[in-house]
Amino acid sequence: SMRSYTSNVVFFNNTVAPYRIPMFNKVVKILAQNSIITEVVFLSEKESVRNWNVDYSQINFDYEILPTLFQKRNSNTTTSDFIVNRGFFKYLASDVVVLFGYNYPTYLIIIFLRKLLGRKTVLFSESTQSDKPRVKGLKHTVKSFIIGKLFSSYIVPGLEAKEFIKSYGVHDSAISIAENAVEGFVEPKIKKSDSDYINILYVGRLAEEKNVGFLLASIPDNHSYNYRVVVVGSGPEEAKLQKIPVQYPVEFKGFREGNELTKIFFEADVFVLPSQSEPWGLVVNEAINAGLAVLVSDRVGCRHELVKNNGRIFKLNDKVDFQNKLLEITSNIDNCKESSRKMSKIFTLDNQASKIAKAIKNA
């Protein structure tokens, strides 16, 4: 029968997240070339905290959205719902299951049952130690057991996430790194506006952990550079941030996506991500793809991989350090930008997908 030389891989992801679709498209295509049949299973179409628009015509893989028995906002986290599904038992005997996370009841049932069946389950994890504070006592014991004992191997986006997995007693050799990436931009035809300004950009949710207030309050205004700040995104902090008194031009553009957002990226010079907590920071990938210099806090997970001589890392909430690093970037802006353009050729979706596919074939 066919079954004798094809294996099947099933990915589980919480929602139909638009930024994951291009990655799944590529991974599934690579696996198909190795006669591996793949399906992507989603726990729900949407979660209550995200206002994404999903273009289903972009999906080039077999997928299923599981029926939900129950779904509501999870009060323990800012980013996910509490979801209980049915209809996943048919996937329990698949050769390899890849779970994007471990904190949904559906996921926990799958890992336990597959362990009992002697099947391989791979964890794709973006958690980092600064993002997920250590739990203590029984909770820690349970978490160590789930992360450290129930999975056969692990895929992480970078060093920060690898350290998190290793802290649960997992050996180096079981962890593969596949650096996160986003689709490359088609560069818009724009004229850079008046070059006497250095344009600083923030793109993301306007929520407390993103620390945008610190950014707005820390732009220096006492030297030879004129800064201008553009803030893209919406969220609970929006009104408060707009009231912060500043000495430089600042523009709040609200939530933008698609071509509008692309144009905004290419009009900027320096991208700043001042977050208090950020497991990776895909928006830094986007900034690099647009050829921007980057300035991130030392809590941003992707800093090891994506911030080299194309930018700087500043100490969280240290205004003096932030200003010094911003000045270093500004006085070296062309080199930083050139360096980002070079990096954007390395951190591509194709590279990420081939590393994920390789990790799955070796699982």
# chains A, B, ... in the order shown; residues from 1 in each chain; ligands from 1
call {"tool": "closest_atom_pairs", "arguments": {"of": "region 5-123 of chain A", "to": "region 153-166 of chain A", "cutoff": "8 Å", "atoms": "only C-alpha atoms", "output": "Markdown table"}}
result
| residue | atom | partner | partner_atom | distance |
| --- | --- | --- | --- | --- |
| A:Thr121 | CA | A:Ser153 | CA | 7.1 |
| A:Val122 | CA | A:Ser153 | CA | 5.0 |
| A:Leu123 | CA | A:Tyr154 | CA | 4.8 |
call {"tool": "select_by_dssp", "arguments": {"residues": "region 3-191 of chain A", "states": "alpha helix (DSSP H)", "output": "JSON, numbers by chain"}}
result
{"A": [21, 22, 23, 24, 25, 26, 27, 28, 29, 30, 31, 32, 33, 105, 106, 107, 108, 109, 110, 111, 112, 113, 114, 115, 116, 137, 138, 139, 140, 141, 142, 143, 144, 145, 146, 147, 148, 149, 159, 160, 161, 162, 163, 164, 165, 166]}
call {"tool": "write_last_selection", "arguments": {"atoms": "N, CA and C atoms", "output": "tab-separated table (two decimals), in the first residue's frame"}}
result
chain	number	residue	atom	x	y	z
A	21	ILE	N	0.95	31.47	7.71
A	21	ILE	CA	0.53	30.82	6.47
A	21	ILE	C	1.66	30.65	5.45
A	22	PRO	N	2.43	31.71	5.16
A	22	PRO	CA	3.52	31.55	4.18
A	22	PRO	C	4.55	30.51	4.63
A	23	MET	N	4.79	30.44	5.95
A	23	MET	CA	5.75	29.46	6.47
A	23	MET	C	5.22	28.04	6.27
A	24	PHE	N	3.95	27.81	6.64
A	24	PHE	CA	3.36	26.49	6.44
A	24	PHE	C	3.36	26.11	4.95
A	25	ASN	N	3.01	27.08	4.08
A	25	ASN	CA	3.02	26.80	2.64
A	25	ASN	C	4.37	26.22	2.21
A	26	LYS	N	5.45	26.85	2.66
A	26	LYS	CA	6.78	26.42	2.24
A	26	LYS	C	7.21	25.09	2.85
A	27	VAL	N	6.93	24.91	4.15
A	27	VAL	CA	7.32	23.66	4.82
A	27	VAL	C	6.58	22.47	4.19
A	28	VAL	N	5.29	22.64	3.98
A	28	VAL	CA	4.47	21.56	3.42
A	28	VAL	C	4.96	21.19	2.03
A	29	LYS	N	5.36	22.20	1.25
A	29	LYS	CA	5.86	21.95	-0.10
A	29	LYS	C	7.17	21.15	-0.08
A	30	ILE	N	8.08	21.53	0.83
A	30	ILE	CA	9.35	20.80	0.96
A	30	ILE	C	9.09	19.35	1.37
A	31	LEU	N	8.21	19.15	2.36
A	31	LEU	CA	7.92	17.80	2.83
A	31	LEU	C	7.27	16.95	1.74
A	32	ALA	N	6.40	17.59	0.93
A	32	ALA	CA	5.74	16.87	-0.16
A	32	ALA	C	6.76	16.34	-1.16
A	33	GLN	N	7.83	17.10	-1.38
A	33	GLN	CA	8.89	16.64	-2.29
A	33	GLN	C	9.60	15.40	-1.75
A	105	PRO	N	-5.64	22.86	26.53
A	105	PRO	CA	-6.08	21.53	26.96
A	105	PRO	C	-5.99	20.49	25.83
A	106	THR	N	-6.39	20.90	24.62
A	106	THR	CA	-6.32	19.99	23.46
A	106	THR	C	-4.89	19.49	23.27
A	107	TYR	N	-3.92	20.41	23.36
A	107	TYR	CA	-2.51	20.03	23.18
A	107	TYR	C	-2.08	19.03	24.25
A	108	LEU	N	-2.47	19.30	25.50
A	108	LEU	CA	-2.05	18.44	26.61
A	108	LEU	C	-2.57	17.01	26.43
A	109	ILE	N	-3.82	16.89	26.01
A	109	ILE	CA	-4.40	15.56	25.78
A	109	ILE	C	-3.62	14.84	24.67
A	110	ILE	N	-3.33	15.57	23.59
A	110	ILE	CA	-2.59	14.98	22.46
A	110	ILE	C	-1.21	14.48	22.90
A	111	ILE	N	-0.45	15.31	23.66
A	111	ILE	CA	0.92	14.90	24.04
A	111	ILE	C	0.87	13.65	24.93
A	112	PHE	N	-0.05	13.65	25.92
A	112	PHE	CA	-0.12	12.50	26.83
A	112	PHE	C	-0.47	11.22	26.08
A	113	LEU	N	-1.50	11.29	25.24
A	113	LEU	CA	-1.95	10.08	24.55
A	113	LEU	C	-0.89	9.58	23.55
A	114	ARG	N	-0.22	10.51	22.88
A	114	ARG	CA	0.82	10.09	21.92
A	114	ARG	C	2.01	9.47	22.65
A	115	LYS	N	2.32	9.99	23.83
A	115	LYS	CA	3.40	9.40	24.63
A	115	LYS	C	3.05	7.95	24.98
A	116	LEU	N	1.80	7.74	25.37
A	116	LEU	CA	1.34	6.38	25.70
A	116	LEU	C	1.40	5.46	24.47
A	137	GLY	N	7.25	25.17	42.82
A	137	GLY	CA	6.54	24.06	43.45
A	137	GLY	C	5.98	23.05	42.47
A	138	LEU	N	4.74	22.62	42.75
A	138	LEU	CA	4.09	21.59	41.95
A	138	LEU	C	3.96	22.02	40.50
A	139	LYS	N	3.59	23.30	40.30
A	139	LYS	CA	3.44	23.82	38.94
A	139	LYS	C	4.73	23.61	38.14
A	140	HIS	N	5.85	23.89	38.78
A	140	HIS	CA	7.14	23.73	38.10
A	140	HIS	C	7.41	22.26	37.77
A	141	THR	N	7.10	21.38	38.71
A	141	THR	CA	7.31	19.95	38.51
A	141	THR	C	6.50	19.45	37.31
A	142	VAL	N	5.24	19.88	37.26
A	142	VAL	CA	4.35	19.47	36.16
A	142	VAL	C	4.86	20.02	34.83
A	143	LYS	N	5.25	21.30	34.84
A	143	LYS	CA	5.73	21.94	33.61
A	143	LYS	C	7.02	21.27	33.12
A	144	SER	N	7.92	20.95	34.06
A	144	SER	CA	9.17	20.28	33.71
A	144	SER	C	8.88	18.91	33.09
A	145	PHE	N	7.89	18.23	33.64
A	145	PHE	CA	7.52	16.91	33.13
A	145	PHE	C	6.97	17.04	31.70
A	146	ILE	N	6.06	18.00	31.50
A	146	ILE	CA	5.45	18.17	30.18
A	146	ILE	C	6.51	18.55	29.15
A	147	ILE	N	7.27	19.62	29.44
A	147	ILE	CA	8.25	20.11	28.46
A	147	ILE	C	9.42	19.15	28.30
A	148	GLY	N	9.93	18.65	29.43
A	148	GLY	CA	11.16	17.88	29.39
A	148	GLY	C	11.00	16.41	29.04
A	149	LYS	N	9.83	15.82	29.31
A	149	LYS	CA	9.70	14.36	29.18
A	149	LYS	C	8.73	13.89	28.10
A	159	LEU	N	18.32	31.51	19.99
A	159	LEU	CA	19.06	31.13	21.19
A	159	LEU	C	18.28	31.33	22.48
A	160	GLU	N	17.54	32.44	22.52
A	160	GLU	CA	16.80	32.77	23.74
A	160	GLU	C	15.77	31.68	24.05
A	161	ALA	N	15.07	31.21	23.01
A	161	ALA	CA	14.07	30.15	23.18
A	161	ALA	C	14.73	28.80	23.46
A	162	LYS	N	15.94	28.60	22.91
A	162	LYS	CA	16.67	27.36	23.17
A	162	LYS	C	17.06	27.26	24.65
A	163	GLU	N	17.51	28.37	25.22
A	163	GLU	CA	17.88	28.40	26.65
A	163	GLU	C	16.68	28.04	27.52
A	164	PHE	N	15.50	28.52	27.12
A	164	PHE	CA	14.27	28.21	27.88
A	164	PHE	C	14.03	26.70	27.90
A	165	ILE	N	14.12	26.05	26.75
A	165	ILE	CA	13.90	24.59	26.68
A	165	ILE	C	14.98	23.84	27.47
A	166	LYS	N	16.24	24.29	27.34
A	166	LYS	CA	17.34	23.63	28.07
A	166	LYS	C	17.16	23.74	29.58
call {"tool": "closest_residue", "arguments": {"among": "A:Asn309, A:Thr128, A:Ser44, A:Ser7", "to": "Lys342 (chain A)", "atoms": "only C-alpha atoms"}}
result
A:Asn309
call {"tool": "residues_around", "arguments": {"residues": "region 311-328 of chain A", "least_positions_apart": "3", "cutoff": "8 Å", "atoms": "only C-alpha atoms", "output": "short mmCIF file (atom, residue, chain, number, x, y, z; two decimals) with C-alpha atoms, in the first residue's frame"}}
result
data_model
loop_
_atom_site.label_atom_id
_atom_site.label_comp_id
_atom_site.auth_asym_id
_atom_site.auth_seq_id
_atom_site.Cartn_x
_atom_site.Cartn_y
_atom_site.Cartn_z
CA PHE A 214 9.37 55.01 27.37
CA SER A 218 13.30 59.28 25.69
CA ILE A 219 13.86 60.84 22.25
CA PRO A 220 16.75 63.32 22.68
CA PRO A 274 11.41 48.99 23.43
CA SER A 275 9.40 46.03 24.83
CA GLN A 276 9.52 44.85 28.45
CA ALA A 293 18.50 50.27 11.34
CA VAL A 294 17.11 48.61 14.50
CA LEU A 295 17.21 49.55 18.17
CA VAL A 296 15.73 47.03 20.62
CA SER A 297 15.59 46.52 24.37
CA ASP A 298 17.55 43.69 25.97
CA ARG A 299 14.24 41.84 26.52
CA ARG A 303 18.29 40.35 19.53
CA VAL A 307 20.76 42.79 15.93
CA LYS A 308 24.41 42.83 14.86
CA SER A 331 25.75 58.79 13.27
CA ASN A 332 26.29 55.51 11.45
CA CYS A 336 23.41 50.12 9.71
#
call {"tool": "select_by_dssp", "arguments": {"residues": "region 113-210 of chain A", "states": "strand (DSSP E)", "output": "MDAnalysis selection string"}}
result
chainID A and resid 120:124 153:156 175:177 197:203
call {"tool": "closest_residue", "arguments": {"among": "A:Val98, A:Leu92, A:Leu292, A:Ala207", "to": "Val9 (chain A)", "atoms": "only C-alpha atoms"}}
result
A:Val98
call {"tool": "residues_around", "arguments": {"residues": "Phe271 (chain A)", "least_positions_apart": "4", "cutoff": "12 Å", "atoms": "only C-alpha atoms", "output": "ChimeraX atom specification"}}
result
/A:198-204,215,228-232,264-267,281,283-297,307,310-313,326,329-330,333,336-337,340
call {"tool": "residues_around", "arguments": {"residues": "Pro245 (chain A)", "least_positions_apart": "3", "cutoff": "12 Å", "atoms": "only C-alpha atoms", "output": "list of chain:residue names"}}
result
A:Gly213, A:Leu216, A:Ala217, A:Ser218, A:Ile219, A:Lys240, A:Leu241, A:Gln242, A:Tyr248, A:Pro249, A:Val250
call {"tool": "closest_residue", "arguments": {"among": "A:Asp196, A:Glu278, A:Glu187, A:Glu39", "to": "Ile59 (chain A)", "atoms": "only C-alpha atoms"}}
result
A:Glu39
call {"tool": "closest_residue", "arguments": {"among": "A:Phe82, A:Phe42, A:Tyr102, A:Trp280", "to": "Pro67 (chain A)", "atoms": "only C-alpha atoms"}}
result
A:Phe42
call {"tool": "atom_distance", "arguments": {"atom1": "CA of Phe70 (chain A)", "atom2": "CA of Trp52 (chain A)"}}
result
21.0 Å
call {"tool": "residues_around", "arguments": {"residues": "Phe100 (chain A)", "least_positions_apart": "4", "cutoff": "8 Å", "atoms": "only C-alpha atoms", "output": "ChimeraX atom specification"}}
result
/A:11-14,123-125
call {"tool": "write_last_selection", "arguments": {"atoms": "N, CA and C atoms", "output": "PDB file, in the first residue's frame"}}
result
ATOM      1  N   PHE A  11       0.658  19.333  11.822  1.00  0.00           N
ATOM      2  CA  PHE A  11       0.979  20.517  12.624  1.00  0.00           C
ATOM      3  C   PHE A  11      -0.278  20.965  13.354  1.00  0.00           C
ATOM      4  N   PHE A  12      -0.136  21.359  14.611  1.00  0.00           N
ATOM      5  CA  PHE A  12      -1.248  21.971  15.336  1.00  0.00           C
ATOM      6  C   PHE A  12      -0.874  23.400  15.688  1.00  0.00           C
ATOM      7  N   ASN A  13      -1.717  24.354  15.296  1.00  0.00           N
ATOM      8  CA  ASN A  13      -1.496  25.754  15.642  1.00  0.00           C
ATOM      9  C   ASN A  13      -2.793  26.302  16.234  1.00  0.00           C
ATOM     10  N   ASN A  14      -2.701  27.258  17.170  1.00  0.00           N
ATOM     11  CA  ASN A  14      -3.917  27.703  17.854  1.00  0.00           C
ATOM     12  C   ASN A  14      -4.931  28.360  16.926  1.00  0.00           C
ATOM     13  N   LEU A 123       7.826  19.750  19.777  1.00  0.00           N
ATOM     14  CA  LEU A 123       7.342  21.040  20.290  1.00  0.00           C
ATOM     15  C   LEU A 123       8.009  22.176  19.531  1.00  0.00           C
ATOM     16  N   PHE A 124       7.190  23.049  18.929  1.00  0.00           N
ATOM     17  CA  PHE A 124       7.715  24.303  18.383  1.00  0.00           C
ATOM     18  C   PHE A 124       7.452  25.344  19.456  1.00  0.00           C
ATOM     19  N   SER A 125       8.517  25.904  20.044  1.00  0.00           N
ATOM     20  CA  SER A 125       8.334  26.813  21.174  1.00  0.00           C
ATOM     21  C   SER A 125       9.086  28.114  20.992  1.00  0.00           C
TER      22      SER A 125
END
call {"tool": "closest_residue", "arguments": {"among": "A:Thr15, A:Asn259, A:Gln129, A:Asn211", "to": "Lys46 (chain A)", "atoms": "only C-alpha atoms"}}
result
A:Thr15
call {"tool": "decode", "arguments": {"residues": "region 208-225 of chain A", "atoms": "N, CA, C and O atoms", "output": "compact mmCIF listing (two decimals), in the first residue's frame"}}
result
# COMPACT_ATOMS: atom_id res chain seq x y z
N GLU A 208 0.82 47.86 27.38
CA GLU A 208 1.80 48.24 28.38
C GLU A 208 3.16 47.57 28.21
O GLU A 208 4.21 48.22 28.29
N GLU A 209 3.16 46.24 27.92
CA GLU A 209 4.44 45.53 27.85
C GLU A 209 5.30 45.96 26.66
O GLU A 209 6.48 45.66 26.59
N LYS A 210 4.68 46.69 25.71
CA LYS A 210 5.44 47.16 24.55
C LYS A 210 6.28 48.40 24.87
O LYS A 210 7.15 48.78 24.10
N ASN A 211 5.93 49.07 25.99
CA ASN A 211 6.81 50.13 26.52
C ASN A 211 6.97 51.34 25.60
O ASN A 211 8.03 51.96 25.57
N VAL A 212 5.94 51.67 24.84
CA VAL A 212 6.04 52.77 23.87
C VAL A 212 6.16 54.12 24.57
O VAL A 212 6.79 55.05 24.06
N GLY A 213 5.58 54.21 25.76
CA GLY A 213 5.70 55.45 26.54
C GLY A 213 7.15 55.81 26.82
O GLY A 213 7.55 56.97 26.73
N PHE A 214 7.94 54.78 27.13
CA PHE A 214 9.37 55.01 27.37
C PHE A 214 10.05 55.57 26.12
O PHE A 214 10.83 56.52 26.19
N LEU A 215 9.72 55.00 24.98
CA LEU A 215 10.29 55.48 23.71
C LEU A 215 9.96 56.96 23.49
O LEU A 215 10.86 57.78 23.25
N LEU A 216 8.68 57.31 23.65
CA LEU A 216 8.26 58.69 23.38
C LEU A 216 8.91 59.68 24.34
O LEU A 216 9.22 60.81 23.99
N ALA A 217 9.13 59.23 25.59
CA ALA A 217 9.70 60.13 26.61
C ALA A 217 11.22 60.20 26.53
O ALA A 217 11.85 60.99 27.24
N SER A 218 11.84 59.37 25.67
CA SER A 218 13.30 59.28 25.69
C SER A 218 14.01 59.82 24.44
O SER A 218 15.22 59.78 24.35
N ILE A 219 13.24 60.31 23.46
CA ILE A 219 13.86 60.84 22.25
C ILE A 219 14.64 62.11 22.60
O ILE A 219 14.09 63.05 23.15
N PRO A 220 15.95 62.14 22.32
CA PRO A 220 16.75 63.32 22.68
C PRO A 220 16.39 64.52 21.79
O PRO A 220 16.00 64.35 20.64
N ASP A 221 16.49 65.73 22.36
CA ASP A 221 16.14 66.92 21.55
C ASP A 221 17.17 68.03 21.75
O ASP A 221 16.84 69.19 21.73
N ASN A 222 18.43 67.63 21.97
CA ASN A 222 19.38 68.69 22.32
C ASN A 222 20.70 68.59 21.56
O ASN A 222 21.76 68.74 22.11
N HIS A 223 20.62 68.21 20.29
CA HIS A 223 21.88 68.05 19.56
C HIS A 223 21.63 68.20 18.08
O HIS A 223 20.57 68.62 17.65
N SER A 224 22.57 67.77 17.27
CA SER A 224 22.53 68.09 15.85
C SER A 224 21.55 67.29 15.00
O SER A 224 21.40 67.55 13.82
N TYR A 225 20.86 66.30 15.58
CA TYR A 225 19.90 65.53 14.77
C TYR A 225 18.47 65.92 15.09
O TYR A 225 18.12 66.14 16.25
